Each structure stands twice: as structure tokens, then as C-alpha cells.
file upload01.cif (mmCIF, C-alpha atoms; chains and numbers go by the auth columns)
data_coords
loop_
_atom_site.group_PDB
_atom_site.id
_atom_site.type_symbol
_atom_site.label_atom_id
_atom_site.label_comp_id
_atom_site.label_asym_id
_atom_site.label_seq_id
_atom_site.Cartn_x
_atom_site.Cartn_y
_atom_site.Cartn_z
_atom_site.B_iso_or_equiv
_atom_site.auth_seq_id
_atom_site.auth_asym_id
ATOM 1 C CA MET A 1 57.062 40.171 229.077 0.00 1 M
ATOM 2 C CA SER A 2 60.740 40.228 229.995 0.00 2 M
ATOM 3 C CA PRO A 3 63.346 38.216 228.129 0.00 3 M
ATOM 4 C CA ILE A 4 64.812 35.154 229.845 0.00 4 M
ATOM 5 C CA PHE A 5 68.556 34.947 229.983 0.00 5 M
ATOM 6 C CA ILE A 6 70.119 31.555 229.984 0.00 6 M
ATOM 7 C CA LEU A 7 73.228 31.553 232.172 0.00 7 M
ATOM 8 C CA ALA A 8 74.200 27.902 231.552 0.00 8 M
ATOM 9 C CA PHE A 9 76.971 26.934 229.158 0.00 9 M
ATOM 10 C CA PRO A 10 76.104 25.015 226.022 0.00 10 M
ATOM 11 C CA ALA A 11 76.219 21.223 226.500 0.00 11 M
ATOM 12 C CA PRO A 12 79.206 20.512 224.185 0.00 12 M
ATOM 13 C CA LEU A 13 81.333 23.063 226.048 0.00 13 M
ATOM 14 C CA VAL A 14 80.474 21.499 229.400 0.00 14 M
ATOM 15 C CA LEU A 15 81.350 18.073 228.028 0.00 15 M
ATOM 16 C CA VAL A 16 84.695 19.296 226.696 0.00 16 M
ATOM 17 C CA LEU A 17 85.557 20.945 230.026 0.00 17 M
ATOM 18 C CA ALA A 18 84.617 17.770 231.903 0.00 18 M
ATOM 19 C CA LEU A 19 86.826 15.674 229.597 0.00 19 M
ATOM 20 C CA CYS A 20 89.725 18.105 230.068 0.00 20 M
ATOM 21 C CA ALA A 21 89.339 17.944 233.839 0.00 21 M
ATOM 22 C CA LEU A 22 89.248 14.147 233.724 0.00 22 M
ATOM 23 C CA ALA A 23 92.354 14.041 231.524 0.00 23 M
ATOM 24 C CA PHE A 24 94.148 16.409 233.906 0.00 24 M
ATOM 25 C CA ILE A 25 93.247 14.261 236.898 0.00 25 M
ATOM 26 C CA LEU A 26 94.365 11.080 235.153 0.00 26 M
ATOM 27 C CA LEU A 27 97.595 12.483 233.710 0.00 27 M
ATOM 28 C CA VAL A 28 98.693 14.740 236.564 0.00 28 M
ATOM 29 C CA GLY A 29 96.609 13.926 239.604 0.00 29 M
ATOM 30 C CA TRP A 30 97.058 10.159 239.874 0.00 30 M
ATOM 31 C CA PRO A 31 100.835 10.161 239.369 0.00 31 M
ATOM 32 C CA LEU A 32 101.057 12.959 241.934 0.00 32 M
ATOM 33 C CA VAL A 33 98.929 10.989 244.390 0.00 33 M
ATOM 34 C CA ALA A 34 101.015 7.873 243.734 0.00 34 M
ATOM 35 C CA ALA A 35 104.234 9.810 244.395 0.00 35 M
ATOM 36 C CA LEU A 36 102.830 11.250 247.617 0.00 36 M
ATOM 37 C CA VAL A 37 101.722 7.797 248.756 0.00 37 M
ATOM 38 C CA ARG A 38 105.194 6.416 248.023 0.00 38 M
ATOM 39 C CA ILE A 39 106.757 9.215 250.065 0.00 39 M
ATOM 40 C CA ALA A 40 104.362 8.572 252.935 0.00 40 M
ATOM 41 C CA VAL A 41 105.040 4.821 252.889 0.00 41 M
ATOM 42 C CA SER A 42 108.797 5.437 252.768 0.00 42 M
ATOM 43 C CA ALA A 43 108.527 7.814 255.723 0.00 43 M
ATOM 44 C CA MET A 44 106.555 5.214 257.686 0.00 44 M
ATOM 45 C CA ILE A 45 109.154 2.524 256.931 0.00 45 M
ATOM 46 C CA ILE A 46 111.983 4.816 258.020 0.00 46 M
ATOM 47 C CA ALA A 47 110.063 5.708 261.180 0.00 47 M
ATOM 48 C CA MET A 48 109.508 2.012 261.944 0.00 48 M
ATOM 49 C CA LEU A 49 113.229 1.340 261.547 0.00 49 M
ATOM 50 C CA ALA A 50 114.287 4.429 263.497 0.00 50 M
ATOM 51 C CA LEU A 51 111.787 4.040 266.354 0.00 51 M
ATOM 52 C CA PRO A 52 113.553 1.107 268.058 0.00 52 M
ATOM 53 C CA ALA A 53 116.906 2.741 267.382 0.00 53 M
ATOM 54 C CA ALA A 54 115.817 6.064 268.855 0.00 54 M
ATOM 55 C CA ALA A 55 114.502 4.397 271.985 0.00 55 M
ATOM 56 C CA SER A 56 117.725 2.495 272.565 0.00 56 M
ATOM 57 C CA THR A 57 121.167 3.551 273.688 0.00 57 M
ATOM 58 C CA GLY A 58 124.132 3.898 271.354 0.00 58 M
ATOM 59 C CA SER A 59 125.283 0.291 271.630 0.00 59 M
ATOM 60 C CA ASP A 60 121.762 -0.967 271.094 0.00 60 M
ATOM 61 C CA LEU A 61 121.509 1.050 267.878 0.00 61 M
ATOM 62 C CA LEU A 62 123.622 -1.442 265.973 0.00 62 M
ATOM 63 C CA THR A 63 121.713 -4.328 267.512 0.00 63 M
ATOM 64 C CA ALA A 64 118.407 -2.781 266.451 0.00 64 M
ATOM 65 C CA LEU A 65 119.558 -2.053 262.913 0.00 65 M
ATOM 66 C CA ALA A 66 121.534 -5.278 262.357 0.00 66 M
ATOM 67 C CA PRO A 67 118.687 -7.320 260.800 0.00 67 M
ATOM 68 C CA SER A 68 117.810 -4.518 258.392 0.00 68 M
ATOM 69 C CA LEU A 69 121.447 -3.953 257.480 0.00 69 M
ATOM 70 C CA LEU A 70 121.950 -7.679 256.873 0.00 70 M
ATOM 71 C CA ASP A 71 118.911 -7.751 254.585 0.00 71 M
ATOM 72 C CA LEU A 72 120.233 -4.724 252.714 0.00 72 M
ATOM 73 C CA ALA A 73 123.684 -6.320 252.419 0.00 73 M
ATOM 74 C CA GLY A 74 122.070 -9.480 251.025 0.00 74 M
ATOM 75 C CA VAL A 75 120.219 -7.510 248.369 0.00 75 M
ATOM 76 C CA VAL A 76 123.344 -5.571 247.389 0.00 76 M
ATOM 77 C CA LEU A 77 125.425 -8.753 247.253 0.00 77 M
ATOM 78 C CA THR A 78 122.821 -10.481 245.083 0.00 78 M
ATOM 79 C CA ALA A 79 122.797 -7.519 242.700 0.00 79 M
ATOM 80 C CA LEU A 80 126.592 -7.512 242.490 0.00 80 M
ATOM 81 C CA ILE A 81 126.687 -11.246 241.779 0.00 81 M
ATOM 82 C CA GLY A 82 124.100 -10.822 239.027 0.00 82 M
ATOM 83 C CA PHE A 83 126.052 -7.931 237.507 0.00 83 M
ATOM 84 C CA ALA A 84 129.330 -9.888 237.626 0.00 84 M
ATOM 85 C CA THR A 85 127.660 -12.922 236.043 0.00 85 M
ATOM 86 C CA LEU A 86 126.297 -10.813 233.204 0.00 86 M
ATOM 87 C CA ARG A 87 129.683 -9.196 232.570 0.00 87 M
ATOM 88 C CA PHE A 88 131.421 -12.604 232.619 0.00 88 M
ATOM 89 C CA GLN A 89 128.935 -14.033 230.119 0.00 89 M
ATOM 90 C CA ARG A 90 129.490 -11.092 227.784 0.00 90 M
ATOM 91 C CA TRP A 91 133.265 -11.370 228.143 0.00 91 M
ATOM 92 C CA THR A 92 133.381 -15.105 227.487 0.00 92 M
ATOM 93 C CA GLY A 93 131.018 -14.656 224.543 0.00 93 M
ATOM 94 C CA ILE A 94 133.450 -12.167 223.061 0.00 94 M
ATOM 95 C CA GLN A 95 136.364 -14.520 223.724 0.00 95 M
ATOM 96 C CA ILE A 96 134.583 -17.432 222.035 0.00 96 M
ATOM 97 C CA GLU A 97 133.724 -15.275 219.023 0.00 97 M
ATOM 98 C CA ALA A 98 137.352 -14.125 218.756 0.00 98 M
ATOM 99 C CA ARG A 99 138.564 -17.739 218.795 0.00 99 M
ATOM 100 C CA HIS A 100 136.121 -18.686 216.030 0.00 100 M
ATOM 101 C CA ARG A 101 137.145 -15.666 213.968 0.00 101 M
ATOM 102 C CA GLU A 102 140.822 -16.522 214.414 0.00 102 M
ATOM 103 C CA ALA A 103 140.184 -20.160 213.421 0.00 103 M
ATOM 104 C CA LEU A 104 138.303 -19.032 210.310 0.00 104 M
ATOM 105 C CA HIS A 105 141.077 -16.664 209.203 0.00 105 M
ATOM 106 C CA SER A 106 143.742 -19.265 209.928 0.00 106 M
ATOM 107 C CA ALA A 107 141.919 -21.897 207.849 0.00 107 M
ATOM 108 C CA ILE A 108 141.498 -19.445 204.975 0.00 108 M
ATOM 109 C CA MET A 109 145.201 -18.547 205.083 0.00 109 M
ATOM 110 C CA THR A 110 146.271 -22.197 205.193 0.00 110 M
ATOM 111 C CA ALA A 111 144.110 -23.107 202.202 0.00 111 M
ATOM 112 C CA ALA A 112 145.206 -19.976 200.322 0.00 112 M
ATOM 113 C CA ARG A 113 148.862 -20.905 200.765 0.00 113 M
ATOM 114 C CA VAL A 114 148.165 -24.434 199.489 0.00 114 M
ATOM 115 C CA ALA A 115 146.201 -23.068 196.500 0.00 115 M
ATOM 116 C CA VAL A 116 148.985 -20.649 195.563 0.00 116 M
ATOM 117 C CA ALA A 117 151.617 -23.364 196.004 0.00 117 M
ATOM 118 C CA ARG A 118 149.655 -25.637 193.650 0.00 118 M
ATOM 119 C CA GLY A 119 149.354 -22.819 191.109 0.00 119 M
ATOM 120 C CA LEU A 120 145.549 -22.924 190.915 0.00 120 M
ATOM 121 C CA THR A 121 143.683 -20.292 188.918 0.00 121 M
ATOM 122 C CA ARG A 122 141.729 -17.610 190.727 0.00 122 M
ATOM 123 C CA ASP A 123 138.274 -19.207 190.457 0.00 123 M
ATOM 124 C CA VAL A 124 139.515 -22.725 191.185 0.00 124 M
ATOM 125 C CA ALA A 125 141.591 -21.432 194.124 0.00 125 M
ATOM 126 C CA THR A 126 138.573 -19.583 195.511 0.00 126 M
ATOM 127 C CA GLU A 127 136.436 -22.725 195.325 0.00 127 M
ATOM 128 C CA PHE A 128 139.240 -24.822 196.845 0.00 128 M
ATOM 129 C CA VAL A 129 139.709 -22.434 199.785 0.00 129 M
ATOM 130 C CA SER A 130 135.949 -22.190 200.405 0.00 130 M
ATOM 131 C CA ALA A 131 135.588 -25.985 200.410 0.00 131 M
ATOM 132 C CA TYR A 132 138.585 -26.335 202.742 0.00 132 M
ATOM 133 C CA VAL A 133 137.152 -23.779 205.164 0.00 133 M
ATOM 134 C CA ARG A 134 133.712 -25.446 205.184 0.00 134 M
ATOM 135 C CA ALA A 135 135.349 -28.786 205.947 0.00 135 M
ATOM 136 C CA SER A 136 137.939 -27.654 208.501 0.00 136 M
ATOM 137 C CA VAL A 137 136.066 -25.095 210.669 0.00 137 M
ATOM 138 C CA PRO A 138 132.329 -25.788 210.429 0.00 138 M
ATOM 139 C CA ASP A 139 131.769 -24.668 214.042 0.00 139 M
ATOM 140 C CA ALA A 140 133.285 -21.269 213.346 0.00 140 M
ATOM 141 C CA LEU A 141 131.135 -20.869 210.233 0.00 141 M
ATOM 142 C CA LYS A 142 128.038 -21.873 212.202 0.00 142 M
ATOM 143 C CA ARG A 143 128.826 -19.497 215.098 0.00 143 M
ATOM 144 C CA LEU A 144 129.868 -16.493 212.977 0.00 144 M
ATOM 145 C CA SER A 145 127.503 -17.280 210.076 0.00 145 M
ATOM 146 C CA PRO A 146 129.102 -14.990 207.483 0.00 146 M
ATOM 147 C CA SER A 147 127.156 -14.439 204.291 0.00 147 M
ATOM 148 C CA ALA A 148 128.405 -16.076 201.091 0.00 148 M
ATOM 149 C CA GLU A 149 129.560 -12.687 199.795 0.00 149 M
ATOM 150 C CA THR A 150 131.509 -11.965 202.972 0.00 150 M
ATOM 151 C CA LEU A 151 133.192 -15.365 202.948 0.00 151 M
ATOM 152 C CA ASP A 152 134.010 -14.977 199.248 0.00 152 M
ATOM 153 C CA ALA A 153 135.506 -11.532 199.876 0.00 153 M
ATOM 154 C CA LEU A 154 137.606 -12.914 202.751 0.00 154 M
ATOM 155 C CA VAL A 155 138.853 -15.773 200.586 0.00 155 M
ATOM 156 C CA ARG A 156 139.735 -13.478 197.693 0.00 156 M
ATOM 157 C CA SER A 157 141.533 -10.984 199.934 0.00 157 M
ATOM 158 C CA LYS A 158 143.598 -13.728 201.593 0.00 158 M
ATOM 159 C CA LEU A 159 144.451 -15.187 198.167 0.00 159 M
ATOM 160 C CA LEU A 160 145.652 -11.769 197.026 0.00 160 M
ATOM 161 C CA GLU A 161 147.624 -11.374 200.244 0.00 161 M
ATOM 162 C CA VAL A 162 149.358 -14.749 199.803 0.00 162 M
ATOM 163 C CA ARG A 163 150.081 -14.132 196.101 0.00 163 M
ATOM 164 C CA GLY A 164 151.541 -10.695 196.911 0.00 164 M
ATOM 165 C CA ARG A 165 154.229 -12.216 199.188 0.00 165 M
#
call {"tool": "encode", "arguments": {"input": "upload01.cif", "output": "C-alpha cells"}}
result
Amino acid sequence: MSPIFILAFPAPLVLVLALCALAFILLVGWPLVAALVRIAVSAMIIAMLALPAAASTGSDLLTALAPSLLDLAGVVLTALIGFATLRFQRWTGIQIEARHREALHSAIMTAARVAVARGLTRDVATEFVSAYVRASVPDALKRLSPSAETLDALVRSKLLEVRGR
């Protein structure tokens, strides 16, 4: 009796190869197909726009393309308005923050000058300036929301600055 040779691959190897092929199709094939479809659709749109223009004379070219150009101009104008609005909001936000920061520093300096003029000790002067700032510029404190350590460091540095003069 002659031996029988099995020419088929083992089942796990066939399964692994099938999974690799499926992964290749999903990762490479579908994006490639999608890109080709996008190119084909874009070519059809361009052909649809160019067909009336190609059939017309030179003066009719502008007439044929005018609706498409107006639509394109509307989209570009809308994008520019949105971009300008975003930039303006960022700019005014920065301006508002700068005004709050300036108000905070001005209030700290005013209270520090009063504390030094009254001859208050360091701890009492720090508490006086902090209370003055909380009472005089609560909006700036709310908008900037500095931590207690940051506010204390600002107060102490301004007190040292005023005492050094």
C-alpha cells in the first residue's frame, strides 16, 4: 500500500493566514477604496461643472461658473468670519484678563502703601492688604482665581517693594 500525502495546510495556519488577509483588507484595502471613490466623485463633480463651460463660448464661461463661484465665495466668507470671530474673542479675553490683573496689582499696591504708612507689622500688614484686596476687587479675584499662596506671595512682595522705597 502506498503512503498518502496530505497537501493541505494545518487548520491553525489557514486561520492565521485568513485573519492576516482580512486585517490587510480592512487596514489597507478599504481606505484605498475610499480614497479612489473620493477621487472618482471629485472628478465627476469637476466634469459636471466643466461640461457646461466647455460647451459654451468664452463669455458664457463666466455665466456658467457664476453660481458655483458665488457658492464658493459664500463658504470662504463664512469661514473668514468664523476665524475673525474666534480671534476677536481670544483677544478680548486677553484684554479682560489684563485689566483684572492690573486692578488686582493696583489694589495690592494701594493697600500696601496704606499699611506701610500706618506702620503695621508684617503679619498684620499682610492680613490688612489681603482683606482690602478681597473687598475692593472681588471680580478680579473671581476671574483670575489665584491660590491663597499666590495671593500671599503677591502681597508680601508688594509690601517689600513699598517698604524698600
call {"tool": "axis_aligned_box", "arguments": {"input": "upload01.cif", "around": "stretch 115-132 of chain M", "padding_each_side": "5 Å", "output": "JSON"}}
result
{"center_x": 143.6, "center_y": -22.0, "center_z": 195.8, "size_x": 26.0, "size_y": 18.7, "size_z": 23.8}
call {"tool": "closest_atom_pairs", "arguments": {"input": "upload01.cif", "of": "stretch 67-96 of chain M", "to": "stretch 39-50 of chain M", "cutoff": "12 Å", "atoms": "only C-alpha atoms", "output": "tab-separated table"}}
result
residue	atom	partner	partner_atom	distance
M:Pro67	CA	M:Leu49	CA	10.3
M:Ser68	CA	M:Leu49	CA	8.1
M:Leu69	CA	M:Leu49	CA	10.6
call {"tool": "write_last_selection", "arguments": {"input": "upload01.cif", "atoms": "C-alpha atoms", "output": "compact mmCIF listing (two decimals), in the frame of the given file"}}
result
# COMPACT_ATOMS: atom_id res chain seq x y z
CA PRO M 67 118.69 -7.32 260.80
CA SER M 68 117.81 -4.52 258.39
CA LEU M 69 121.45 -3.95 257.48
call {"tool": "residues_near_point", "arguments": {"input": "upload01.cif", "point": "(136.7, -23.0, 214.6)", "cutoff": "6 Å", "atoms": "all atoms listed in the file", "output": "ChimeraX atom specification"}}
result
/M:100,103,137,139-140
call {"tool": "atom_distance", "arguments": {"input": "upload01.cif", "atom1": "atom CA of M:Gly119", "atom2": "atom CA of M:Val133"}}
result
18.6 Å
call {"tool": "atom_distance", "arguments": {"input": "upload01.cif", "atom1": "atom CA of M:Ala117", "atom2": "atom CA of M:Ala148"}}
result
24.9 Å
call {"tool": "resolve_selection", "arguments": {"input": "upload01.cif", "expression": "the PyMOL selection byres ((chain M and resi 106) around 12)", "output": "list in words"}}
result
Arg99, His100, Arg101, Glu102, Ala103, Leu104, His105, Ala107, Ile108, Met109, Thr110, Ala111, Ala112, Arg113, Val129, Tyr132, Val133, Ser136, Val137, Ala140, Leu154, Val155 and Lys158 of chain M
call {"tool": "decode", "arguments": {"input": "upload01.cif", "residues": "stretch 64-92 of chain M", "atoms": "N, CA and C atoms", "output": "compact mmCIF listing (two decimals), in the first residue's frame"}}
result
# COMPACT_ATOMS: atom_id res chain seq x y z
N ALA M 64 -21.71 80.49 -16.81
CA ALA M 64 -21.91 79.10 -16.39
C ALA M 64 -21.30 78.82 -15.02
N LEU M 65 -20.18 79.46 -14.74
CA LEU M 65 -19.49 79.20 -13.47
C LEU M 65 -19.93 80.14 -12.35
N ALA M 66 -20.68 81.17 -12.64
CA ALA M 66 -21.05 82.17 -11.64
C ALA M 66 -21.76 81.57 -10.43
N PRO M 67 -22.75 80.70 -10.58
CA PRO M 67 -23.39 80.15 -9.37
C PRO M 67 -22.42 79.36 -8.49
N SER M 68 -21.56 78.58 -9.11
CA SER M 68 -20.60 77.80 -8.33
C SER M 68 -19.59 78.71 -7.64
N LEU M 69 -19.14 79.75 -8.35
CA LEU M 69 -18.19 80.67 -7.75
C LEU M 69 -18.83 81.47 -6.60
N LEU M 70 -20.10 81.82 -6.74
CA LEU M 70 -20.78 82.52 -5.65
C LEU M 70 -20.94 81.61 -4.43
N ASP M 71 -21.25 80.34 -4.66
CA ASP M 71 -21.33 79.40 -3.53
C ASP M 71 -19.99 79.26 -2.84
N LEU M 72 -18.93 79.16 -3.64
CA LEU M 72 -17.58 79.03 -3.08
C LEU M 72 -17.20 80.29 -2.31
N ALA M 73 -17.55 81.46 -2.86
CA ALA M 73 -17.25 82.72 -2.16
C ALA M 73 -18.02 82.80 -0.85
N GLY M 74 -19.25 82.30 -0.82
CA GLY M 74 -20.03 82.29 0.42
C GLY M 74 -19.40 81.41 1.48
N VAL M 75 -18.90 80.26 1.07
CA VAL M 75 -18.25 79.36 2.02
C VAL M 75 -16.97 79.98 2.56
N VAL M 76 -16.17 80.57 1.68
CA VAL M 76 -14.92 81.20 2.11
C VAL M 76 -15.20 82.38 3.04
N LEU M 77 -16.20 83.19 2.70
CA LEU M 77 -16.55 84.33 3.54
C LEU M 77 -17.04 83.88 4.92
N THR M 78 -17.83 82.82 4.95
CA THR M 78 -18.30 82.29 6.24
C THR M 78 -17.13 81.80 7.09
N ALA M 79 -16.18 81.12 6.46
CA ALA M 79 -15.01 80.65 7.18
C ALA M 79 -14.18 81.81 7.71
N LEU M 80 -14.01 82.84 6.92
CA LEU M 80 -13.25 84.01 7.36
C LEU M 80 -13.94 84.73 8.51
N ILE M 81 -15.25 84.84 8.45
CA ILE M 81 -15.99 85.47 9.56
C ILE M 81 -15.85 84.66 10.84
N GLY M 82 -15.95 83.34 10.72
CA GLY M 82 -15.76 82.48 11.89
C GLY M 82 -14.37 82.61 12.48
N PHE M 83 -13.35 82.65 11.61
CA PHE M 83 -11.97 82.80 12.07
C PHE M 83 -11.78 84.14 12.77
N ALA M 84 -12.31 85.21 12.17
CA ALA M 84 -12.17 86.55 12.77
C ALA M 84 -12.90 86.63 14.11
N THR M 85 -14.05 85.99 14.21
CA THR M 85 -14.80 85.98 15.47
C THR M 85 -14.01 85.28 16.56
N LEU M 86 -13.41 84.14 16.21
CA LEU M 86 -12.62 83.40 17.18
C LEU M 86 -11.41 84.22 17.65
N ARG M 87 -10.73 84.85 16.72
CA ARG M 87 -9.57 85.67 17.08
C ARG M 87 -9.99 86.86 17.97
N PHE M 88 -11.12 87.48 17.65
CA PHE M 88 -11.60 88.61 18.45
C PHE M 88 -11.96 88.17 19.86
N GLN M 89 -12.59 87.01 19.99
CA GLN M 89 -12.94 86.51 21.32
C GLN M 89 -11.69 86.23 22.13
N ARG M 90 -10.68 85.64 21.50
CA ARG M 90 -9.42 85.40 22.23
C ARG M 90 -8.77 86.71 22.63
N TRP M 91 -8.76 87.68 21.73
CA TRP M 91 -8.12 88.96 22.01
C TRP M 91 -8.83 89.69 23.13
N THR M 92 -10.15 89.75 23.08
CA THR M 92 -10.87 90.45 24.15
C THR M 92 -10.75 89.71 25.47
